[in-house]
Amino acid sequence: MTEAGSELAIAVCIKFTVDVNRLRPDPATAAPDLGHAHYRINDFDENALEEAVRLKERHGGRIVGVSLVEREPPRELLLRALAAGLDALYLVPHAAAASGDAFVTATILAAALEEIGAVYEMVSWDLVLCGDASCDTYDGQVGPRVAEALGIVPITYATRLDVRDDTIVAERTIEDYVHVVEATLPALVTVGSETNKPRLPHLRQIMDAGRKPIVRLTTAGLGRGALDRARATLELLGVTAPPSARRRMVVGGNGPDDVARKLVRQLQSDGELTQ
Amino acid sequence: MSGRAEDAPSGVLTFSENPDLASELLAVGRALAAGAGAKLTTLMVGSALRERAEDAIARGADEAVLACPPDTRPGAETYLAALHAAVLAHRPAMVLVGSTRTGVEVAARLGQRLRVGCVTDALSLEIDDTGALVATRRMYGGQFLARVANRSTPAIATVPWKRFEPPPRDDDRRGTITETTIQLPPPRLRTVAIQQRPRSALDIRKAAVVVAVGRGVKRQEDVALVEALAEALGGALAGSRPITDDLRWLPPDRKIGLSGLTVRPSLYVACGISGQIEHVVGMRAARTVVAINSDPTAPIHAEADYSVVGDLYAIVPALAAALRDGRQRQAAATIESLQ
């Protein structure tokens, strides 16, 4: 949609996820204790947002965030995403958001991206950025599926990217290889923790965040009946924590040398120090 | 070839661009096809695949479909076109794809094109009484296991590397080899270069002892303390994600965790690692785990057989010294016994 050399229209797909490091099993059921869960911005989506900000710093443009949410995320998380550099954040509430059904998520996100693009009178986004995967399901499907739904080229697992005129050049990390590719915009790019180190927002950015727009879309209002087309394909039958069989012995002693001797003796008697 | 259009979809179609993983998929595919009393078809994309096709038939495939692209252009776009064409021609009930990065992209995009579900990184797969493909997979960073039913037709799943043994060869098995050509759209992604990533001489997945360093180490030069412990144990040095990705004190192929490597050493020593789920997933299969961390509430202690709550700057050198001391005494005793 933009002419060569002009500003970039960037969309970032964001998931507000359970903080998996602070999620504990319910002692009675071994199911995740989601009632006491903390929420965060998915870590790889923070990399996607940071990369969008870096591209905007070089090329100018606009960054819009879009997120499918089961219910309204904590306001501090929304402000954090805005403070990190979004110009606006669109939330699409949908009951299936937490189901982890990538078909549903991607179909609704793609419809929302088209709808938001129409608000800005765009034919297409120049770039859609996503995290490689989300820390809760670690599925890795949503990025490639959104690209497919929008009919744009996906560039997955990018660790470095740059835009020159209407061409994107990216380094992808595919197992043991670095795959350097280029494509004509528009494109969807997925990024991970190797791509960049997200910066902490300045006080000024934090203060400005409260004045940036948060827009709530309804799936019913999305074009082409997105809801009808996004029927569930997967059913989550159950989630449990497998029991740990570790001994959990604390090795103490009178100073580091004593502790070290005791630990070596223990590992020897276990047969772990054979050489 | 199966599949008149009016037949109900049946059978299993497998694909991986990785030849080892392609063989491993036959084990799962054979089990699922046997349960459904149906055919196992495997897709291979490229040229000069006859020998691999015969091997796949000996290992349980009923049919090998060899798709020859019009040019040598590899990658997700080509595999997706070939797999999509094979699904339309063979109408399988299930599609299994190897969980490489390319494989996950191909499976996800195939799912979106066909408007069906895909379960990635399935640890086990079975067919339930309703005919749904039921998978177990890790969730919430790996501390939980989820059971997921995929009721789509076809139901797509991806299977990780080394999860299943390739079935043994049976040279008496007979099957069909079919060659097809595929149509490719004009390329949208142009390859500029392919470079091998710089690799460590050591493969930490093969080490019997792994010593890993985390954020408890304050300066890059202090990694040497932990390295000295690895040497005293005759083990390999590895790191958690902050060390490899954020600080870049170790190369990415030393990263243990969900976004890195999974190791199964007999002894695993975590030094200054808090035990975030991202990391724990990669070391949980170790036989014996030692954790050294000054924070008694660090989650790594719950994953350890032996915990030392203390400053790694004191404990790690003391442990290395005790090991060297023990080895010297052992060596002296051996020499003495021989004299």
# chains A, B, ... in the order shown; residues from 1 in each chain; ligands from 1

$ residues_around --residues "Ile194 of chain B" --least-positions-apart "4" --cutoff "8 Å" --atoms "only C-alpha atoms" --output "PyMOL selection string"
chain A and resi 177-180

$ interface_residues --of "chain A" --to "chain B" --cutoff "7 Å" --atoms "only C-alpha atoms" --output "ChimeraX atom specification"
/A:20-21,103,135-137,139,141,144-145,148-149,153,174,176-183,193-194,197,233-242,246-252,256-257,260-261,264,272

$ atom_distance --atom1 "atom CA of Leu109 of chain A" --atom2 "atom CA of Arg22 of chain A"
27.5 Å

$ residues_around --residues "Leu203 of chain A" --least-positions-apart "6" --cutoff "12 Å" --atoms "only C-alpha atoms" --output "list in words"
Arg80, Ala83, Ala84, Ala209 and Gly210 of chain A

$ select_by_dssp --residues "segment 42-189 of chain B" --states "alpha helix (DSSP H)" --output "PyMOL selection string"
chain B and resi 50-58+76-90+101-114

$ residues_around --residues "segment 52-58 of chain B" --least-positions-apart "4" --cutoff "12 Å" --atoms "only C-alpha atoms" --output "ChimeraX atom specification"
/B:14-15,17-27,29-30,39-48,62-67,166-179

$ closest_residue --among "A:Leu49, A:Leu89, A:Ile10, A:Val66" --to "Val215 of chain A" --atoms "only C-alpha atoms"
A:Leu89

$ atom_distance --atom1 "atom CA of Val169 of chain A" --atom2 "atom CA of Pro69 of chain B"
25.2 Å
